[in-house]
Each structure stands twice: as structure tokens, then as C-alpha cells.
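Comments concern the structure below.
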Amino acid sequence: MGRGRVQLRRIENKISRQVTFSKRRTGLLKKAHEISVLCDAEVALIVFSNKGKLFEYSTDSSMERILDRYEQQSHAERQLVPTGSESQGNWPLESPKLMSTIEALQRNLRHFLGEELDPLSLRDLQLLEQQIDTSLKRIRTRKNQLMHESISELQKKERTLQTQNNMLAKKLKENEKTQTEHAQCEQQNLSQNSSSFIQPPPATIEFPSLTIGGSFQAIESANKEAETQAQPSTNTVIPPWMLRHVNR
């Protein structure tokens, strides 16, 4: 048979009540821990026994911080969402408070800008200086962080551009090498084709000179050569009687 439904009423037996309290308390603490881990929630649990003994559980943050947060949240909600009659009755009272808060904020802003410093005492000026120094430190820290991030981004871009430049240079060298090899192959092919189809040099045709003086000189030189061949050699011995006959 299944377990019967438990009636929600006070347990009269003292021992049974104490045992039930111990079991239910352990289960409640376990459920609080589970919801804090599973849901990443801040949980604060406070349990008092009938004898006034305290049992509590809180997440990683302290119990005091969670309670302070609860008080601030509940107070802010009460201030923002008042009842109808109470809100209408509190309007005249809240207006001067809001005006004074606005004036104080405006005065602090003027002090931060270096205006209206005459009414401030030495202690106030020191506090103002400390606040400004703290603000400057935060501003400089944020500025340095942004500068480092910008430098890192620029260095990353520089490395990327350098890699692309190296790749383009490599491709350019490969293209130049390919073109050079192609040109050499074409030159070799042309040289082979030209060597296989060599033509003899054209025959030189000599034409006679058309110069008139040159033709006469050629004829005269030919006649002289003929006379020279016709004349006997001077080395031949001629008898004296032939010489006398020739002289006559």
C-alpha cells in the first residue's frame, strides 16, 4: 500500500515532533543548497526551533550581505510603490527632499568642475581631492586598458598583413620563374626550327659598270695586255744585223 497523505497539523507527541523537525530541516537545507547551485541564486535560510535554537544556511556570499540586500530592495520597493492614500499624503513631504537632493548633486558637480570652492573647508577640499584622484586613477586605468587592447589588435592586423604579403611575394616569384622557363623553352624551340630550315645565301650577280670612263679604261688595259703578249721577251738575244734592219 502507498504512503498516506500527511495531515498538516501540530504533532502532539514531543519525540515525534522533534524527529520530524530534524528530518524536515535537513531536507529544507538540502533543497536550499540545490537551488543555489543549479540556478546560481543567492539563498539565505533561517530556521528557529521551538526551543529557540538557530539553524541557518547561505550561499557563498555572507548572510549579512544577503540581509542588507534584502532590506535595501524592500525599502526601495516601498518607496517606489506606495499605497494610493499614503503616496498622495507624502507628496508634499517628498518634494522638498527631492529638491534638496538635486541641489546637493548639482553642488557636488560644480565642486568637481572646480567651481564654488570658497565655502569648502580644508577637510572638504581634501576629501574632494581624494575623490578626484580616485576618479583619475580609474580613468587612467581604463585608458591604458583600451590602449593595450588597441595595440594588441594592431599587432594582430600587422601579423596578418605580413603573412599575406609573404604569400603574395611567394606567388610572384613562382610566376616569374614560370614565365622565365616558358621564355627559355620558346627560345630553344625557335633556335631548333631556324637551324633545320637554313637557306643558302643569295647568289651575287655582277653587272657591268655603266661608267663611260671605266669602259674605256678596261678596253685600253686589255689592248696593253695583248701588245705585251705580242712583243717578244726582252730577255731573247737578237743578232746585230736584225737590229740594224729594224732601225732602218
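Labels used: A, B, ... for chains in the order of the C-alpha cells, numbers from 1 for residues in each chain, and numbers from 1 for ligands as shown.
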
Exercise. When DSSP works through the backbone of this structure, what residues of range 37-152 of chain A end up as strand (DSSP E), shown as a ChimeraX atom specification?
Worked result: /A:44-48,54-58

Using only C-alpha atoms, please write the residues we just selected to a file, as a short mmCIF file (atom, residue, chain, number, x, y, z; two decimals), in the first residue's frame.
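Below is the file out-v1.cif, written as the result:
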```
data_model
loop_
_atom_site.label_atom_id
_atom_site.label_comp_id
_atom_site.auth_asym_id
_atom_site.auth_seq_id
_atom_site.Cartn_x
_atom_site.Cartn_y
_atom_site.Cartn_z
CA ALA A 44 19.56 32.72 2.78
CA LEU A 45 17.66 30.36 5.09
CA ILE A 46 16.96 30.98 8.77
CA VAL A 47 15.19 28.46 10.98
CA PHE A 48 14.47 28.66 14.72
CA LEU A 54 19.11 28.84 15.31
CA PHE A 55 19.72 26.94 12.07
CA GLU A 56 20.85 28.92 9.01
CA TYR A 57 22.19 28.45 5.50
CA SER A 58 23.60 30.97 3.00
#
```

For this session: Any chance you could list, as JSON, numbers by chain, the residues in range 42-131 of chain A that come up helix (DSSP H, G or I) when DSSP is run on the backbone?
Result: {"A": [63, 64, 65, 66, 67, 68, 69, 70, 71, 72, 73, 74, 75, 76, 77, 78, 79, 80, 84, 85, 86, 87, 88, 89, 90, 91, 92, 93, 94, 95, 96, 97, 98, 99, 100, 101, 102, 103, 104, 105, 106, 107, 108, 109, 110, 111, 112, 122, 123, 124, 125, 126, 127, 128, 129, 130, 131]}

For this session: Grab the CA of Val43 in chain A to CA of Asp68 in chain A distance for me, in Å with one decimal place.
Result: 13.1 Å

For this session: Please provide as a list in words all residues within 12 Å of Leu117 in chain A, with the sequence filter that same-chain residues fewer than 4 positions apart are discarded (counting only C-alpha atoms).
Result: Arg107, Asn108, Leu109, Arg110, His111, Phe112, Leu113, Ser121, Leu122, Asp124, Leu125, Gln126, Leu128 and Glu129 of chain A

For this session: Would you work out the distance separating CA of Glu149 in chain A from CA of Leu136 in chain A, expressed in Å to one decimal?
Result: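 Result for CA of Glu149 in chain A versus CA of Leu136 in chain A: 19.7 Å, one decimal.
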
Exercise. What gap, in Å, lies between CA of Phe21 in chain A and CA of Ser49 in chain A?
Worked result: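 Pair CA of Phe21 in chain A / CA of Ser49 in chain A returns 8.1 Å.
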
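Ranking A:Thr26, A:Asn165, A:Ser62, A:Gln192 by their shortest atom-to-atom distance to Glu42 in chain A, with only C-alpha atoms included, puts A:Ser62 first.
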